[in-house]
>>> print(open('input20.cif').read())   # mmCIF, C-alpha atoms
data_run
#
loop_
_atom_site.group_PDB
_atom_site.id
_atom_site.type_symbol
_atom_site.label_atom_id
_atom_site.label_comp_id
_atom_site.auth_asym_id
_atom_site.auth_seq_id
_atom_site.Cartn_x
_atom_site.Cartn_y
_atom_site.Cartn_z
ATOM 1 C CA MET I 1 -25.054 6.722 21.229
ATOM 2 C CA VAL I 2 -25.742 8.987 24.127
ATOM 3 C CA GLY I 3 -27.909 12.071 23.951
ATOM 4 C CA LEU I 4 -29.118 11.582 20.410
ATOM 5 C CA LEU I 5 -32.041 9.784 18.900
ATOM 6 C CA ALA I 6 -30.133 6.727 17.888
ATOM 7 C CA ASP I 7 -30.675 3.044 17.521
ATOM 8 C CA HIS I 8 -28.687 0.450 19.312
ATOM 9 C CA THR I 9 -27.224 -2.032 16.854
ATOM 10 C CA PHE I 10 -26.063 -5.567 17.301
ATOM 11 C CA ALA I 11 -25.239 -8.467 15.020
ATOM 12 C CA ILE I 12 -26.133 -12.106 14.729
ATOM 13 C CA SER I 13 -25.069 -14.909 12.433
ATOM 14 C CA SER I 14 -26.995 -17.755 10.905
ATOM 15 C CA ASP I 15 -24.797 -20.235 12.765
ATOM 16 C CA GLY I 16 -26.026 -18.922 16.090
ATOM 17 C CA LYS I 17 -23.486 -16.339 17.096
ATOM 18 C CA VAL I 18 -24.753 -13.188 18.760
ATOM 19 C CA TRP I 19 -22.735 -10.029 19.241
ATOM 20 C CA PRO I 20 -24.551 -7.591 21.539
ATOM 21 C CA CYS I 21 -22.119 -4.726 20.899
ATOM 22 C CA TRP I 22 -22.306 -3.270 24.405
ATOM 23 C CA GLY I 23 -26.065 -3.474 24.678
ATOM 24 C CA SER I 24 -28.918 -5.867 24.386
ATOM 25 C CA ALA I 25 -29.398 -8.328 21.559
ATOM 26 C CA ASN I 26 -33.101 -8.882 21.791
ATOM 27 C CA THR I 27 -34.011 -10.150 18.358
ATOM 28 C CA SER I 28 -37.738 -10.194 19.142
ATOM 29 C CA LYS I 29 -37.741 -6.406 19.532
ATOM 30 C CA ALA I 30 -35.301 -5.679 16.744
ATOM 31 C CA LYS I 31 -35.558 -5.338 13.011
ATOM 32 C CA ALA I 32 -33.002 -6.318 10.443
ATOM 33 C CA ILE I 33 -31.379 -3.375 8.698
ATOM 34 C CA ALA I 34 -28.738 -5.113 6.607
ATOM 35 C CA ALA I 35 -27.361 -8.534 5.868
ATOM 36 C CA GLY I 36 -24.458 -10.058 4.048
ATOM 37 C CA SER I 37 -22.407 -13.173 3.654
ATOM 38 C CA GLY I 38 -19.144 -13.494 5.468
ATOM 39 C CA ASP I 39 -17.004 -15.652 7.694
ATOM 40 C CA SER I 40 -18.643 -15.640 11.111
ATOM 41 C CA ALA I 41 -15.520 -17.112 12.732
ATOM 42 C CA LEU I 42 -13.571 -14.121 11.488
ATOM 43 C CA ALA I 43 -16.310 -11.809 12.733
ATOM 44 C CA ASP I 44 -16.143 -13.526 16.104
ATOM 45 C CA CYS I 45 -12.396 -13.067 16.223
ATOM 46 C CA ILE I 46 -12.792 -9.377 15.481
ATOM 47 C CA SER I 47 -15.465 -9.089 18.174
ATOM 48 C CA GLN I 48 -13.104 -10.045 21.002
ATOM 49 C CA ARG I 49 -13.295 -9.334 23.839
ATOM 50 C CA LYS I 50 -16.889 -9.374 25.009
ATOM 51 C CA SER I 51 -18.307 -8.250 21.681
ATOM 52 C CA ARG I 52 -16.508 -4.949 22.032
ATOM 53 C CA ALA I 53 -14.068 -5.403 19.176
ATOM 54 C CA GLY I 54 -11.439 -3.152 20.691
ATOM 55 C CA ILE I 55 -13.752 -0.165 21.015
ATOM 56 C CA ALA I 56 -13.715 1.938 24.187
ATOM 57 C CA TYR I 57 -17.341 2.916 24.518
ATOM 58 C CA GLY I 58 -17.924 6.624 24.116
ATOM 59 C CA LEU I 59 -14.238 7.303 23.624
ATOM 60 C CA SER I 60 -13.311 5.578 20.396
ATOM 61 C CA GLY I 61 -16.782 4.552 19.271
ATOM 62 C CA VAL I 62 -20.207 3.321 20.235
ATOM 63 C CA CYS I 63 -22.282 0.319 19.241
ATOM 64 C CA HIS I 64 -22.388 1.483 15.614
ATOM 65 C CA GLN I 65 -18.616 1.345 15.208
ATOM 66 C CA THR I 66 -18.442 -1.899 17.180
ATOM 67 C CA ALA I 67 -20.987 -3.520 14.875
ATOM 68 C CA ASN I 68 -19.237 -2.167 11.781
ATOM 69 C CA ARG I 69 -16.006 -3.825 12.893
ATOM 70 C CA ILE I 70 -17.650 -7.158 13.593
ATOM 71 C CA LEU I 71 -19.546 -7.049 10.319
ATOM 72 C CA ASP I 72 -16.549 -6.150 8.201
ATOM 73 C CA PRO I 73 -16.161 -9.749 6.939
ATOM 74 C CA ALA I 74 -19.649 -9.463 5.488
ATOM 75 C CA SER I 75 -19.007 -5.992 4.064
ATOM 76 C CA VAL I 76 -21.926 -4.608 5.990
ATOM 77 C CA LEU I 77 -22.353 -1.269 7.711
ATOM 78 C CA VAL I 78 -25.095 -0.341 10.146
ATOM 79 C CA SER I 79 -25.593 2.973 8.388
ATOM 80 C CA ALA I 80 -29.366 2.513 8.261
ATOM 81 C CA ALA I 81 -29.556 2.856 12.043
ATOM 82 C CA ARG I 82 -30.967 6.106 13.308
ATOM 83 C CA GLY I 83 -28.273 8.471 14.488
ATOM 84 C CA TYR I 84 -25.609 6.675 12.517
ATOM 85 C CA TRP I 85 -24.337 9.644 10.550
ATOM 86 C CA ALA I 86 -23.914 11.725 13.692
ATOM 87 C CA SER I 87 -21.980 8.956 15.414
ATOM 88 C CA GLN I 88 -19.990 8.445 12.230
ATOM 89 C CA LEU I 89 -19.054 12.117 12.254
ATOM 90 C CA VAL I 90 -17.660 11.789 15.760
ATOM 91 C CA PHE I 91 -16.126 8.324 15.687
ATOM 92 C CA GLY I 92 -15.763 7.429 12.030
ATOM 93 C CA THR I 93 -16.842 4.170 10.458
ATOM 94 C CA TYR I 94 -14.740 1.770 12.498
ATOM 95 C CA GLY I 95 -13.974 3.892 15.529
ATOM 96 C CA LEU I 96 -11.306 6.432 16.283
ATOM 97 C CA ASN I 97 -7.777 5.129 16.037
ATOM 98 C CA ILE I 98 -6.650 6.711 19.284
ATOM 99 C CA ALA I 99 -5.868 3.612 21.314
ATOM 100 C CA GLY I 100 -2.469 5.080 22.119
ATOM 101 C CA ALA I 101 -4.145 7.897 23.998
ATOM 102 C CA LEU I 102 -6.404 5.717 26.096
ATOM 103 C CA PRO I 103 -5.656 4.052 29.434
ATOM 104 C CA ALA I 104 -4.755 0.386 29.036
ATOM 105 C CA LYS I 105 -7.735 -0.740 31.062
ATOM 106 C CA TYR I 106 -10.035 0.157 28.190
ATOM 107 C CA ARG I 107 -8.320 -2.519 26.100
ATOM 108 C CA ALA I 108 -8.843 -0.282 23.102
ATOM 109 C CA GLU I 109 -7.376 -1.273 19.778
ATOM 110 C CA ASN I 110 -7.190 0.695 16.598
ATOM 111 C CA TRP I 111 -9.140 -0.809 13.756
ATOM 112 C CA PRO I 112 -6.105 -1.760 11.649
ATOM 113 C CA GLN I 113 -4.623 -3.544 14.675
ATOM 114 C CA ARG I 114 -7.799 -5.379 15.560
ATOM 115 C CA ARG I 115 -8.402 -6.397 11.984
ATOM 116 C CA THR I 116 -4.864 -7.502 11.300
ATOM 117 C CA LYS I 117 -4.854 -9.774 14.347
ATOM 118 C CA CYS I 118 -7.654 -11.768 12.788
ATOM 119 C CA THR I 119 -6.792 -11.590 9.118
ATOM 120 C CA SER I 120 -3.026 -11.950 9.135
ATOM 121 C CA GLY I 121 -3.314 -15.495 7.793
ATOM 122 C CA THR I 122 -5.352 -14.524 4.777
ATOM 123 C CA PRO I 123 -3.942 -13.171 1.525
ATOM 124 C CA THR I 124 -3.359 -9.409 1.605
ATOM 125 C CA GLY I 125 -5.073 -9.256 4.958
ATOM 126 C CA ALA I 126 -8.444 -9.198 3.310
ATOM 127 C CA PRO I 127 -11.496 -10.764 4.885
ATOM 128 C CA SER I 128 -11.812 -14.420 4.006
ATOM 129 C CA GLY I 129 -14.624 -15.682 1.875
ATOM 130 C CA GLY I 130 -18.027 -16.129 3.405
ATOM 131 C CA THR I 131 -19.490 -19.469 4.255
ATOM 132 C CA GLY I 132 -22.647 -18.424 2.487
ATOM 133 C CA GLY I 133 -20.909 -18.426 -0.822
ATOM 134 C CA GLY I 134 -20.543 -14.722 -1.390
ATOM 135 C CA SER I 135 -17.205 -13.050 -1.368
ATOM 136 C CA ALA I 136 -16.838 -10.219 1.043
ATOM 137 C CA GLY I 137 -17.354 -6.878 -0.595
ATOM 138 C CA SER I 138 -19.834 -8.076 -3.148
ATOM 139 C CA THR I 139 -22.976 -8.967 -1.291
ATOM 140 C CA GLY I 140 -22.696 -7.142 1.983
ATOM 141 C CA SER I 141 -24.931 -4.161 1.451
ATOM 142 C CA GLY I 142 -27.220 -4.511 -1.426
ATOM 143 C CA ILE I 143 -26.453 -5.292 -4.988
ATOM 144 C CA ALA I 144 -22.808 -5.457 -5.943
ATOM 145 C CA GLY I 145 -21.827 -2.199 -7.564
ATOM 146 C CA SER I 146 -24.530 -0.232 -5.792
ATOM 147 C CA PRO I 147 -23.482 3.110 -4.315
ATOM 148 C CA LYS I 148 -23.444 1.612 -0.856
ATOM 149 C CA ALA I 149 -21.440 -1.447 -1.872
ATOM 150 C CA THR I 150 -18.985 0.843 -3.635
ATOM 151 C CA TYR I 151 -18.785 3.061 -0.550
ATOM 152 C CA ILE I 152 -17.992 0.106 1.699
ATOM 153 C CA ALA I 153 -15.431 -1.241 -0.761
ATOM 154 C CA ARG I 154 -13.690 2.145 -0.835
ATOM 155 C CA LEU I 155 -13.567 2.252 2.954
ATOM 156 C CA GLN I 156 -12.230 -1.293 3.159
ATOM 157 C CA ASN I 157 -9.609 -0.460 0.598
ATOM 158 C CA LEU I 158 -8.570 2.638 2.535
ATOM 159 C CA PHE I 159 -8.222 0.818 5.839
ATOM 160 C CA GLY I 160 -6.851 -2.310 4.187
ATOM 161 C CA GLN I 161 -3.778 -0.371 3.150
ATOM 162 C CA ILE I 162 -2.760 -0.080 6.765
ATOM 163 C CA GLU I 163 -1.191 -3.204 8.178
ATOM 164 C CA THR I 164 -0.296 -1.902 11.596
ATOM 165 C CA TRP I 165 -0.624 1.326 13.439
ATOM 166 C CA HIS I 166 2.051 2.636 15.748
ATOM 167 C CA LEU I 167 1.359 5.582 17.975
ATOM 168 C CA PRO I 168 4.270 5.493 20.361
ATOM 169 C CA LYS I 169 4.205 9.056 21.625
ATOM 170 C CA GLU I 170 1.501 11.159 20.151
ATOM 171 C CA PRO I 171 -2.099 10.051 20.010
ATOM 172 C CA ILE I 172 -2.512 11.936 16.765
ATOM 173 C CA ASP I 173 -0.082 12.358 13.952
ATOM 174 C CA GLU I 174 -0.326 13.620 10.420
ATOM 175 C CA SER I 175 -0.903 10.168 8.964
ATOM 176 C CA LEU I 176 -3.944 9.661 11.189
ATOM 177 C CA ILE I 177 -5.301 13.053 10.203
ATOM 178 C CA HIS I 178 -4.759 12.125 6.569
ATOM 179 C CA LEU I 179 -6.657 8.885 7.110
ATOM 180 C CA VAL I 180 -9.564 10.707 8.728
ATOM 181 C CA ARG I 181 -9.702 13.237 5.918
ATOM 182 C CA GLU I 182 -9.725 10.499 3.292
ATOM 183 C CA GLU I 183 -12.459 8.611 5.108
ATOM 184 C CA SER I 184 -14.418 11.831 5.356
ATOM 185 C CA ARG I 185 -14.042 12.545 1.652
ATOM 186 C CA ILE I 186 -15.249 9.068 0.713
ATOM 187 C CA THR I 187 -18.214 9.434 3.053
ATOM 188 C CA VAL I 188 -19.218 12.870 1.822
ATOM 189 C CA GLU I 189 -19.065 11.658 -1.770
ATOM 190 C CA TYR I 190 -21.314 8.752 -0.843
ATOM 191 C CA ARG I 191 -23.821 10.924 0.985
ATOM 192 C CA LEU I 192 -23.821 13.956 -1.297
ATOM 193 C CA GLY I 193 -22.613 12.620 -4.628
ATOM 194 C CA SER I 194 -19.213 12.392 -6.253
ATOM 195 C CA ASN I 195 -19.605 15.838 -7.818
ATOM 196 C CA VAL I 196 -19.927 17.511 -4.432
ATOM 197 C CA GLU I 197 -18.091 20.807 -4.125
ATOM 198 C CA ARG I 198 -14.603 20.568 -2.713
ATOM 199 C CA SER I 199 -15.377 23.247 -0.137
ATOM 200 C CA ILE I 200 -18.120 21.045 1.294
ATOM 201 C CA VAL I 201 -15.784 18.083 1.458
ATOM 202 C CA GLU I 202 -13.332 20.289 3.310
ATOM 203 C CA MET I 203 -15.982 21.424 5.771
ATOM 204 C CA PHE I 204 -16.821 17.881 6.785
ATOM 205 C CA ALA I 205 -13.176 16.864 6.869
ATOM 206 C CA GLY I 206 -12.469 19.849 9.084
ATOM 207 C CA ALA I 207 -15.277 18.822 11.397
ATOM 208 C CA ARG I 208 -13.950 15.256 11.587
ATOM 209 C CA VAL I 209 -10.431 16.413 12.386
ATOM 210 C CA PHE I 210 -11.740 18.861 14.965
ATOM 211 C CA LEU I 211 -13.729 16.136 16.677
ATOM 212 C CA LEU I 212 -10.783 13.748 16.534
ATOM 213 C CA GLU I 213 -8.503 16.265 18.167
ATOM 214 C CA LYS I 214 -11.066 17.193 20.789
ATOM 215 C CA ARG I 215 -11.556 13.556 21.668
ATOM 216 C CA ALA I 216 -7.844 12.869 21.809
ATOM 217 C CA SER I 217 -7.278 15.934 23.983
ATOM 218 C CA PHE I 218 -9.941 14.623 26.342
ATOM 219 C CA CYS I 219 -8.046 11.357 26.585
ATOM 220 C CA GLY I 220 -4.448 12.478 26.535
ATOM 221 C CA PRO I 221 -2.183 15.509 26.612
ATOM 222 C CA ILE I 222 -2.101 17.156 23.230
ATOM 223 C CA GLN I 223 -2.813 20.672 22.084
ATOM 224 C CA PRO I 224 -6.064 20.698 20.170
ATOM 225 C CA ARG I 225 -6.678 23.124 17.380
ATOM 226 C CA ARG I 226 -9.826 25.118 17.187
ATOM 227 C CA PHE I 227 -12.332 24.157 14.563
ATOM 228 C CA HIS I 228 -12.193 26.903 11.988
ATOM 229 C CA LEU I 229 -13.631 26.662 8.560
ATOM 230 C CA LYS I 230 -12.580 28.704 5.621
ATOM 231 C CA MET X 1 9.061 -0.010 38.812
ATOM 232 C CA ARG X 2 5.641 -0.123 37.390
ATOM 233 C CA ALA X 3 3.191 1.997 35.475
ATOM 234 C CA ASP X 4 -0.399 2.218 36.550
ATOM 235 C CA THR X 5 -3.211 2.878 34.198
ATOM 236 C CA ALA X 6 -5.352 5.903 34.703
ATOM 237 C CA GLU X 7 -8.766 5.574 36.223
ATOM 238 C CA ALA X 8 -11.551 4.934 33.788
ATOM 239 C CA ILE X 9 -13.420 8.066 32.850
ATOM 240 C CA PRO X 10 -17.041 7.922 34.045
ATOM 241 C CA LEU X 11 -19.453 7.333 31.224
ATOM 242 C CA GLU X 12 -21.521 10.344 32.214
ATOM 243 C CA ILE X 13 -18.570 12.644 31.721
ATOM 244 C CA ILE X 14 -17.803 11.025 28.385
ATOM 245 C CA ALA X 15 -21.414 11.460 27.279
ATOM 246 C CA ASN X 16 -21.522 15.113 28.271
ATOM 247 C CA GLU X 17 -18.245 15.831 26.572
ATOM 248 C CA THR X 18 -19.308 13.971 23.442
ATOM 249 C CA ASN X 19 -22.594 15.829 23.246
ATOM 250 C CA GLU X 20 -20.866 19.134 23.786
ATOM 251 C CA MET X 21 -18.306 18.710 21.037
ATOM 252 C CA LEU X 22 -20.797 17.176 18.632
ATOM 253 C CA SER X 23 -23.226 20.039 19.215
ATOM 254 C CA TYR X 24 -20.477 22.503 18.521
ATOM 255 C CA ALA X 25 -19.414 20.771 15.323
ATOM 256 C CA LEU X 26 -23.000 20.447 14.113
ATOM 257 C CA SER X 27 -23.725 24.104 14.780
ATOM 258 C CA GLU X 28 -20.605 25.083 12.866
ATOM 259 C CA LEU X 29 -21.689 22.952 9.932
ATOM 260 C CA THR X 30 -25.247 24.270 10.149
ATOM 261 C CA ASN X 31 -24.011 27.839 9.956
ATOM 262 C CA ARG X 32 -21.838 27.190 6.940
ATOM 263 C CA LEU X 33 -23.677 24.634 4.897
ATOM 264 C CA ASP X 34 -26.750 25.051 2.812
ATOM 265 C CA GLY X 35 -29.647 23.577 4.767
ATOM 266 C CA SER X 36 -30.484 21.001 2.153
ATOM 267 C CA VAL X 37 -26.887 19.764 2.072
ATOM 268 C CA PHE X 38 -26.874 19.400 5.833
ATOM 269 C CA GLN X 39 -30.144 17.503 5.735
ATOM 270 C CA ARG X 40 -29.025 15.191 2.951
ATOM 271 C CA TYR X 41 -25.874 14.274 4.809
ATOM 272 C CA PHE X 42 -27.509 13.531 8.150
ATOM 273 C CA GLU X 43 -30.883 12.238 7.106
ATOM 274 C CA PHE X 44 -31.892 8.776 8.098
ATOM 275 C CA GLU X 45 -30.836 6.234 5.521
ATOM 276 C CA PRO X 46 -33.798 4.003 4.763
ATOM 277 C CA ASN X 47 -33.259 0.294 4.706
ATOM 278 C CA GLU X 48 -32.294 -0.576 1.233
ATOM 279 C CA SER X 49 -33.679 -3.669 -0.349
ATOM 280 C CA PHE X 50 -30.600 -5.671 0.355
ATOM 281 C CA ARG X 51 -30.189 -8.981 -1.337
ATOM 282 C CA VAL X 52 -30.385 -11.845 1.095
ATOM 283 C CA VAL X 53 -28.767 -14.939 -0.322
ATOM 284 C CA ASP X 54 -28.252 -17.269 2.590
ATOM 285 C CA PRO X 55 -26.832 -14.611 4.849
ATOM 286 C CA THR X 56 -24.478 -15.808 7.509
ATOM 287 C CA ILE X 57 -24.476 -12.512 9.299
ATOM 288 C CA GLU X 58 -27.388 -10.221 9.895
ATOM 289 C CA VAL X 59 -27.597 -6.866 11.524
ATOM 290 C CA ALA X 60 -30.411 -5.883 13.756
ATOM 291 C CA ASP X 61 -31.195 -2.815 15.737
ATOM 292 C CA ASP X 62 -33.379 -1.945 18.614
ATOM 293 C CA THR X 63 -33.865 1.352 20.288
ATOM 294 C CA ARG X 64 -31.497 1.749 23.114
#
>>> encode(input="input20.cif", output="structure tokens")
Amino acid sequence: MVGLLADHTFAISSDGKVWPCWGSANTSKAKAIAAGSGDSALADCISQRKSRAGIAYGLSGVCHQTANRILDPASVLVSAARGYWASQLVFGTYGLNIAGALPAKYRAENWPQRRTKCTSGTPTGAPSGGTGGGSAGSTGSGIAGSPKATYIARLQNLFGQIETWHLPKEPIDESLIHLVREESRITVEYRLGSNVERSIVEMFAGARVFLLEKRASFCGPIQPRRFHLK
Amino acid sequence: MRADTAEAIPLEIIANETNEMLSYALSELTNRLDGSVFQRYFEFEPNESFRVVDPTIEVADDTR
């Protein structure tokens, strides 16, 4: 993440795989912030190419979103990294789904596309079971049923409903905005509690949509709206 | 007939643009949200005592 106090994140697996996520993967200087059981072969598939997982750095995500994609089979998020919640506000959990607005040379892929490519052989497109014995979604981030595990499960459910993503003409459409607003609502409820005022949820959702539109307008020709809050 | 891709946008420009729009969004939220709400949302999330049962994937971070 550029310009903010933020940690670089990367991922490793117990069978020796290392995913640098655009940066270094120096385990001697790093500290573990989360762990979970999952299929490392699936994670490796998601990570293609070059441990970038279909993210265009700085445009659709940074190392945080790249790591979140790769770690999806283990139901892990890198949300304990410094600067995560700022990068999440800009790029979302798994990166902005604006591949249609980006030049082909970035090899950007929307998260549903990237995920589906690797999970299409598994029932309901869900991550396959982990080699460590835990099923994805139950052991990834803390105790099953913990607020964080519930948060991740809700996100996976939201994005799991989308099999493919077509953006033939416009980089942003109403369904993408709806997705961003839902993701924002789930995130605000996790961070501030499920009884958070609706107006606060709307403020964050408005910020997310504003940032999405600004980013897409930077990448392609659309008319961005100004960010106005009620 | 062929279609060429656009030139890659320099990372420096991307960074400046990202910082600019994030700063704007954060200032808007700061102005409208109660300070404690803002802090709770963006505060650093401490490492939780995650359960490690033969993890096959770990996450690590280092300062970029």
>>> resolve_selection(input="input20.cif", expression="the PyMOL selection byres ((chain I and resi 94) around 9)", output="list in words")
Ile55, Ser60, Gly61, His64, Gln65, Thr66, Ala67, Asn68, Arg69, Gln88, Phe91, Gly92, Thr93, Gly95, Leu96, Asn97, Asn110 and Trp111 of chain I
>>> interface_residues(input="input20.cif", of="chain I", to="chain X", cutoff="6 Å", atoms="all atoms listed in the file", output="PyMOL selection string")
chain I and resi 2+7-14+30-37+80+82+85+103-104+132+141-142+191
>>> resolve_selection(input="input20.cif", expression="the PyMOL selection byres ((chain I and resi 206-212) around 9)", output="number ranges by chain")
I: 89-92, 96, 98, 172, 177, 180-181, 184, 201-205, 213-217, 224-229; X: 21-22, 25-26, 28-29
>>> closest_residue(input="input20.cif", among="I:Val18, I:Ala86, I:Ala108, I:Ala25", to="Ile70 (chain I)", atoms="all atoms listed in the file")
I:Val18
>>> atom_distance(input="input20.cif", atom1="CA of Ser79 (chain I)", atom2="CA of Ser40 (chain I)")
20.1 Å
